[in-house]
Amino acid sequence: FELVGRSVAERCFEGYNGSICVYGQTGSGKTYTMFGLTTSARSMQQDERRGLAWRVLEYVFSQMSLRAVEGTSFTCRCSFLEIYREQITDLLDPSKTGLQVREDTQRGIYVDRLSKPQVHTLEEAFQVLQKGLLQRRTGATHMNERSSRSHAMLAILIEMLRPCEAGTTAKQVVRLNLVDLAGSVR
């Protein structure tokens with residue numbers, strides 16, 4: 001978190017989109033690095049071995065609280081998707097599968113029909129993350145007994161409204177993507 005997560009999350013509050021991807025061979029610790037222990041809700045939120053995603057969410061919500069004092073208001077939404085066998089599934093609503101990537105001039109690149117619930121508190125964000133993690137596909141490989149077999153992406157969308165001179169407001173929307181790529185067995 002100190003090497004990568006903090007600086008990428010900090011840049012989001014400066015108006016930059018950010019992405020953190022973990023990749024490597026099966027069994028090398030990608031999912032553990034991103035999500036840490038996923039044995040219980042408590043371990044995912046409080047254990048020192050919790051992953052990067054939990055720490056980034058903590059940082060984002062602490063920064064929103066600090067910056068709200070300065071008059072900036074925030075709206076935060078989270079989405080969580082999985083790509084397995086070239087099919088996109090909404091991990092927050094697994095009945096939504098076979099989703100399509102779209103692009104338009106207003107929204108940019110997006111996944112059609114993907115759930116993006118608004119989260120008001122850190123606890124709500126943790127619930128979204130936990131719900132998505134429980135839906136991920138896993139399986140045994142010769143390298144790892146319980147290996148994530150899919151790519152997963154948690155997206156944190158932060159909308160900032162800043163007061164400007166003469167009573168106007170500036171709106172800025174940034175996106176922070178946390179990506180756990182499926183490992184290669186070969």
# chains A, B, ... in the order shown; residues from 1 in each chain; ligands from 1
call {"tool": "residues_around", "arguments": {"residues": "A:Gly36", "least_positions_apart": "6", "cutoff": "6 Å", "atoms": "only C-alpha atoms", "output": "MDAnalysis selection string"}}
result
chainID A and resid 49:51
call {"tool": "residues_around", "arguments": {"residues": "A:Ala152", "least_positions_apart": "6", "cutoff": "7 Å", "atoms": "only C-alpha atoms", "output": "ChimeraX atom specification"}}
result
/A:81-83,179-181
call {"tool": "write_last_selection", "arguments": {"atoms": "N, CA, C and O atoms", "output": "compact mmCIF listing (two decimals), in the first residue's frame"}}
result
# COMPACT_ATOMS: atom_id res chain seq x y z
N LEU A 81 -16.65 -6.47 -11.12
CA LEU A 81 -16.95 -7.39 -12.21
C LEU A 81 -15.91 -8.49 -12.29
O LEU A 81 -14.81 -8.36 -11.75
N GLU A 82 -16.30 -9.55 -12.97
CA GLU A 82 -15.43 -10.70 -13.19
C GLU A 82 -15.46 -11.04 -14.67
O GLU A 82 -16.51 -10.98 -15.31
N ILE A 83 -14.30 -11.38 -15.21
CA ILE A 83 -14.23 -11.88 -16.58
C ILE A 83 -13.73 -13.33 -16.48
O ILE A 83 -12.63 -13.58 -16.00
N VAL A 179 -7.40 -4.20 -10.09
CA VAL A 179 -7.57 -5.35 -10.98
C VAL A 179 -6.72 -6.53 -10.50
O VAL A 179 -5.51 -6.40 -10.31
N ASP A 180 -7.37 -7.67 -10.33
CA ASP A 180 -6.71 -8.93 -10.00
C ASP A 180 -6.83 -9.82 -11.24
O ASP A 180 -7.91 -10.31 -11.57
N LEU A 181 -5.72 -9.99 -11.94
CA LEU A 181 -5.75 -10.79 -13.16
C LEU A 181 -5.57 -12.27 -12.83
O LEU A 181 -4.84 -12.62 -11.90
call {"tool": "closest_residue", "arguments": {"among": "A:Ala166, A:Val128, A:Leu122, A:Leu157", "to": "A:Arg55", "atoms": "only C-alpha atoms"}}
result
A:Leu122
call {"tool": "closest_residue", "arguments": {"among": "A:Ser28, A:Asn17, A:Lys171, A:Phe80", "to": "A:Ala125", "atoms": "only C-alpha atoms"}}
result
A:Phe80
call {"tool": "atom_distance", "arguments": {"atom1": "atom CA of A:Thr33", "atom2": "atom CA of A:Tyr110"}}
result
25.9 Å
call {"tool": "atom_distance", "arguments": {"atom1": "atom CA of A:Arg149", "atom2": "atom CA of A:Arg137"}}
result
5.9 Å
call {"tool": "select_by_dssp", "arguments": {"residues": "stretch 1-185 of chain A", "states": "strand (DSSP E)", "output": "PyMOL selection string"}}
result
chain A and resi 18-22+73-84+87-90+97-99+101-104+108-111+138-139+147-148+151-163+169-180
call {"tool": "residues_around", "arguments": {"residues": "A:Leu114", "least_positions_apart": "5", "cutoff": "8 Å", "atoms": "only C-alpha atoms", "output": "count of residues only"}}
result
5
call {"tool": "residues_around", "arguments": {"residues": "A:Val56", "least_positions_apart": "6", "cutoff": "7 Å", "atoms": "only C-alpha atoms", "output": "list in words"}}
result
Gly5, Arg6 and Ala9 of chain A
call {"tool": "decode", "arguments": {"residues": "stretch 103-119 of chain A", "atoms": "all heavy atoms", "output": "mmCIF file, in the first residue's frame"}}
result
data_model
loop_
_atom_site.group_PDB
_atom_site.id
_atom_site.type_symbol
_atom_site.label_atom_id
_atom_site.label_comp_id
_atom_site.auth_asym_id
_atom_site.auth_seq_id
_atom_site.Cartn_x
_atom_site.Cartn_y
_atom_site.Cartn_z
ATOM 1 N N GLU A 103 -18.857 1.892 -25.644
ATOM 2 C CA GLU A 103 -18.148 3.173 -25.650
ATOM 3 C C GLU A 103 -19.041 4.240 -26.260
ATOM 4 O O GLU A 103 -19.728 3.989 -27.250
ATOM 5 C CB GLU A 103 -16.851 3.061 -26.461
ATOM 6 C CG GLU A 103 -16.037 4.333 -26.481
ATOM 7 C CD GLU A 103 -14.705 4.175 -27.196
ATOM 8 O OE1 GLU A 103 -14.482 3.168 -27.882
ATOM 9 O OE2 GLU A 103 -13.885 5.108 -27.074
ATOM 10 N N ASP A 104 -19.078 5.398 -25.625
ATOM 11 C CA ASP A 104 -19.740 6.548 -26.237
ATOM 12 C C ASP A 104 -18.994 7.823 -25.832
ATOM 13 O O ASP A 104 -18.131 7.806 -24.970
ATOM 14 C CB ASP A 104 -21.241 6.607 -25.921
ATOM 15 C CG ASP A 104 -21.589 7.039 -24.510
ATOM 16 O OD1 ASP A 104 -20.809 7.751 -23.873
ATOM 17 O OD2 ASP A 104 -22.679 6.675 -24.046
ATOM 18 N N THR A 105 -19.338 8.906 -26.492
ATOM 19 C CA THR A 105 -18.593 10.152 -26.286
ATOM 20 C C THR A 105 -18.806 10.752 -24.909
ATOM 21 O O THR A 105 -17.914 11.416 -24.388
ATOM 22 C CB THR A 105 -18.974 11.194 -27.361
ATOM 23 O OG1 THR A 105 -20.392 11.385 -27.315
ATOM 24 C CG2 THR A 105 -18.542 10.743 -28.743
ATOM 25 N N GLN A 106 -19.950 10.531 -24.293
ATOM 26 C CA GLN A 106 -20.230 11.097 -22.976
ATOM 27 C C GLN A 106 -19.639 10.259 -21.838
ATOM 28 O O GLN A 106 -19.039 10.788 -20.917
ATOM 29 C CB GLN A 106 -21.755 11.229 -22.762
ATOM 30 C CG GLN A 106 -22.420 12.184 -23.714
ATOM 31 C CD GLN A 106 -21.906 13.601 -23.550
ATOM 32 O OE1 GLN A 106 -21.774 14.081 -22.449
ATOM 33 N NE2 GLN A 106 -21.596 14.245 -24.659
ATOM 34 N N ARG A 107 -19.845 8.943 -21.884
ATOM 35 C CA ARG A 107 -19.445 8.066 -20.786
ATOM 36 C C ARG A 107 -18.076 7.441 -20.969
ATOM 37 O O ARG A 107 -17.525 6.869 -20.045
ATOM 38 C CB ARG A 107 -20.476 6.941 -20.619
ATOM 39 C CG ARG A 107 -21.832 7.448 -20.189
ATOM 40 C CD ARG A 107 -22.871 6.361 -20.175
ATOM 41 N NE ARG A 107 -22.589 5.353 -19.150
ATOM 42 C CZ ARG A 107 -23.311 4.274 -18.973
ATOM 43 N NH1 ARG A 107 -24.357 4.039 -19.733
ATOM 44 N NH2 ARG A 107 -23.004 3.404 -18.038
ATOM 45 N N GLY A 108 -17.537 7.486 -22.174
ATOM 46 C CA GLY A 108 -16.276 6.805 -22.444
ATOM 47 C C GLY A 108 -16.519 5.316 -22.573
ATOM 48 O O GLY A 108 -17.562 4.870 -23.040
ATOM 49 N N ILE A 109 -15.569 4.503 -22.105
ATOM 50 C CA ILE A 109 -15.696 3.058 -22.144
ATOM 51 C C ILE A 109 -16.361 2.608 -20.849
ATOM 52 O O ILE A 109 -15.963 3.027 -19.767
ATOM 53 C CB ILE A 109 -14.322 2.390 -22.316
ATOM 54 C CG1 ILE A 109 -13.715 2.828 -23.662
ATOM 55 C CG2 ILE A 109 -14.429 0.880 -22.234
ATOM 56 C CD1 ILE A 109 -12.285 2.411 -23.855
ATOM 57 N N TYR A 110 -17.372 1.754 -20.962
ATOM 58 C CA TYR A 110 -18.102 1.287 -19.789
ATOM 59 C C TYR A 110 -18.679 -0.097 -20.063
ATOM 60 O O TYR A 110 -18.701 -0.562 -21.199
ATOM 61 C CB TYR A 110 -19.226 2.262 -19.412
ATOM 62 C CG TYR A 110 -20.324 2.356 -20.442
ATOM 63 C CD1 TYR A 110 -21.503 1.638 -20.298
ATOM 64 C CD2 TYR A 110 -20.185 3.160 -21.567
ATOM 65 C CE1 TYR A 110 -22.513 1.710 -21.249
ATOM 66 C CE2 TYR A 110 -21.192 3.234 -22.524
ATOM 67 C CZ TYR A 110 -22.345 2.516 -22.359
ATOM 68 O OH TYR A 110 -23.332 2.585 -23.294
ATOM 69 N N VAL A 111 -19.128 -0.758 -19.009
ATOM 70 C CA VAL A 111 -19.785 -2.060 -19.130
ATOM 71 C C VAL A 111 -21.284 -1.830 -18.952
ATOM 72 O O VAL A 111 -21.728 -1.345 -17.912
ATOM 73 C CB VAL A 111 -19.245 -3.068 -18.091
ATOM 74 C CG1 VAL A 111 -20.012 -4.387 -18.171
ATOM 75 C CG2 VAL A 111 -17.753 -3.303 -18.304
ATOM 76 N N ASP A 112 -22.038 -2.159 -19.985
ATOM 77 C CA ASP A 112 -23.487 -1.960 -19.993
ATOM 78 C C ASP A 112 -24.155 -2.811 -18.914
ATOM 79 O O ASP A 112 -23.823 -3.982 -18.751
ATOM 80 C CB ASP A 112 -24.021 -2.331 -21.381
ATOM 81 C CG ASP A 112 -25.398 -1.781 -21.645
ATOM 82 O OD1 ASP A 112 -25.747 -0.739 -21.076
ATOM 83 O OD2 ASP A 112 -26.126 -2.408 -22.446
ATOM 84 N N ARG A 113 -25.075 -2.230 -18.156
ATOM 85 C CA ARG A 113 -25.898 -2.872 -17.125
ATOM 86 C C ARG A 113 -25.123 -3.274 -15.870
ATOM 87 O O ARG A 113 -25.621 -4.032 -15.045
ATOM 88 C CB ARG A 113 -26.644 -4.098 -17.674
ATOM 89 C CG ARG A 113 -27.575 -3.796 -18.823
ATOM 90 C CD ARG A 113 -28.393 -4.992 -19.282
ATOM 91 N NE ARG A 113 -27.602 -6.179 -19.521
ATOM 92 C CZ ARG A 113 -27.830 -7.366 -18.959
ATOM 93 N NH1 ARG A 113 -28.830 -7.546 -18.148
ATOM 94 N NH2 ARG A 113 -27.055 -8.400 -19.227
ATOM 95 N N LEU A 114 -23.898 -2.793 -15.687
ATOM 96 C CA LEU A 114 -23.113 -3.130 -14.503
ATOM 97 C C LEU A 114 -23.637 -2.351 -13.294
ATOM 98 O O LEU A 114 -23.858 -1.147 -13.375
ATOM 99 C CB LEU A 114 -21.640 -2.783 -14.748
ATOM 100 C CG LEU A 114 -20.646 -3.171 -13.662
ATOM 101 C CD1 LEU A 114 -20.576 -4.693 -13.513
ATOM 102 C CD2 LEU A 114 -19.268 -2.614 -14.010
ATOM 103 N N SER A 115 -23.828 -3.037 -12.170
ATOM 104 C CA SER A 115 -24.291 -2.387 -10.936
ATOM 105 C C SER A 115 -23.210 -1.439 -10.420
ATOM 106 O O SER A 115 -22.032 -1.797 -10.402
ATOM 107 C CB SER A 115 -24.569 -3.430 -9.850
ATOM 108 O OG SER A 115 -25.517 -4.356 -10.271
ATOM 109 N N LYS A 116 -23.642 -0.246 -9.994
ATOM 110 C CA LYS A 116 -22.721 0.738 -9.417
ATOM 111 C C LYS A 116 -23.392 1.381 -8.210
ATOM 112 O O LYS A 116 -23.749 2.564 -8.253
ATOM 113 C CB LYS A 116 -22.354 1.805 -10.440
ATOM 114 C CG LYS A 116 -21.527 1.305 -11.608
ATOM 115 C CD LYS A 116 -21.195 2.402 -12.573
ATOM 116 C CE LYS A 116 -22.335 2.719 -13.425
ATOM 117 N NZ LYS A 116 -22.527 2.403 -14.734
ATOM 118 N N PRO A 117 -23.576 0.614 -7.133
ATOM 119 C CA PRO A 117 -24.276 1.196 -5.983
ATOM 120 C C PRO A 117 -23.475 2.330 -5.347
ATOM 121 O O PRO A 117 -22.250 2.286 -5.296
ATOM 122 C CB PRO A 117 -24.416 0.018 -5.019
ATOM 123 C CG PRO A 117 -23.316 -0.912 -5.392
ATOM 124 C CD PRO A 117 -23.127 -0.752 -6.870
ATOM 125 N N GLN A 118 -24.208 3.323 -4.880
ATOM 126 C CA GLN A 118 -23.576 4.420 -4.153
ATOM 127 C C GLN A 118 -23.247 3.925 -2.751
ATOM 128 O O GLN A 118 -24.060 3.254 -2.113
ATOM 129 C CB GLN A 118 -24.516 5.623 -4.086
ATOM 130 C CG GLN A 118 -23.876 6.835 -3.467
ATOM 131 C CD GLN A 118 -24.762 8.063 -3.599
ATOM 132 O OE1 GLN A 118 -25.676 8.106 -4.419
ATOM 133 N NE2 GLN A 118 -24.478 9.061 -2.796
ATOM 134 N N VAL A 119 -22.053 4.217 -2.290
ATOM 135 C CA VAL A 119 -21.639 3.843 -0.941
ATOM 136 C C VAL A 119 -21.378 5.127 -0.159
ATOM 137 O O VAL A 119 -20.641 5.989 -0.610
ATOM 138 C CB VAL A 119 -20.418 2.897 -0.937
ATOM 139 C CG1 VAL A 119 -20.801 1.520 -1.452
ATOM 140 C CG2 VAL A 119 -19.280 3.444 -1.771
#
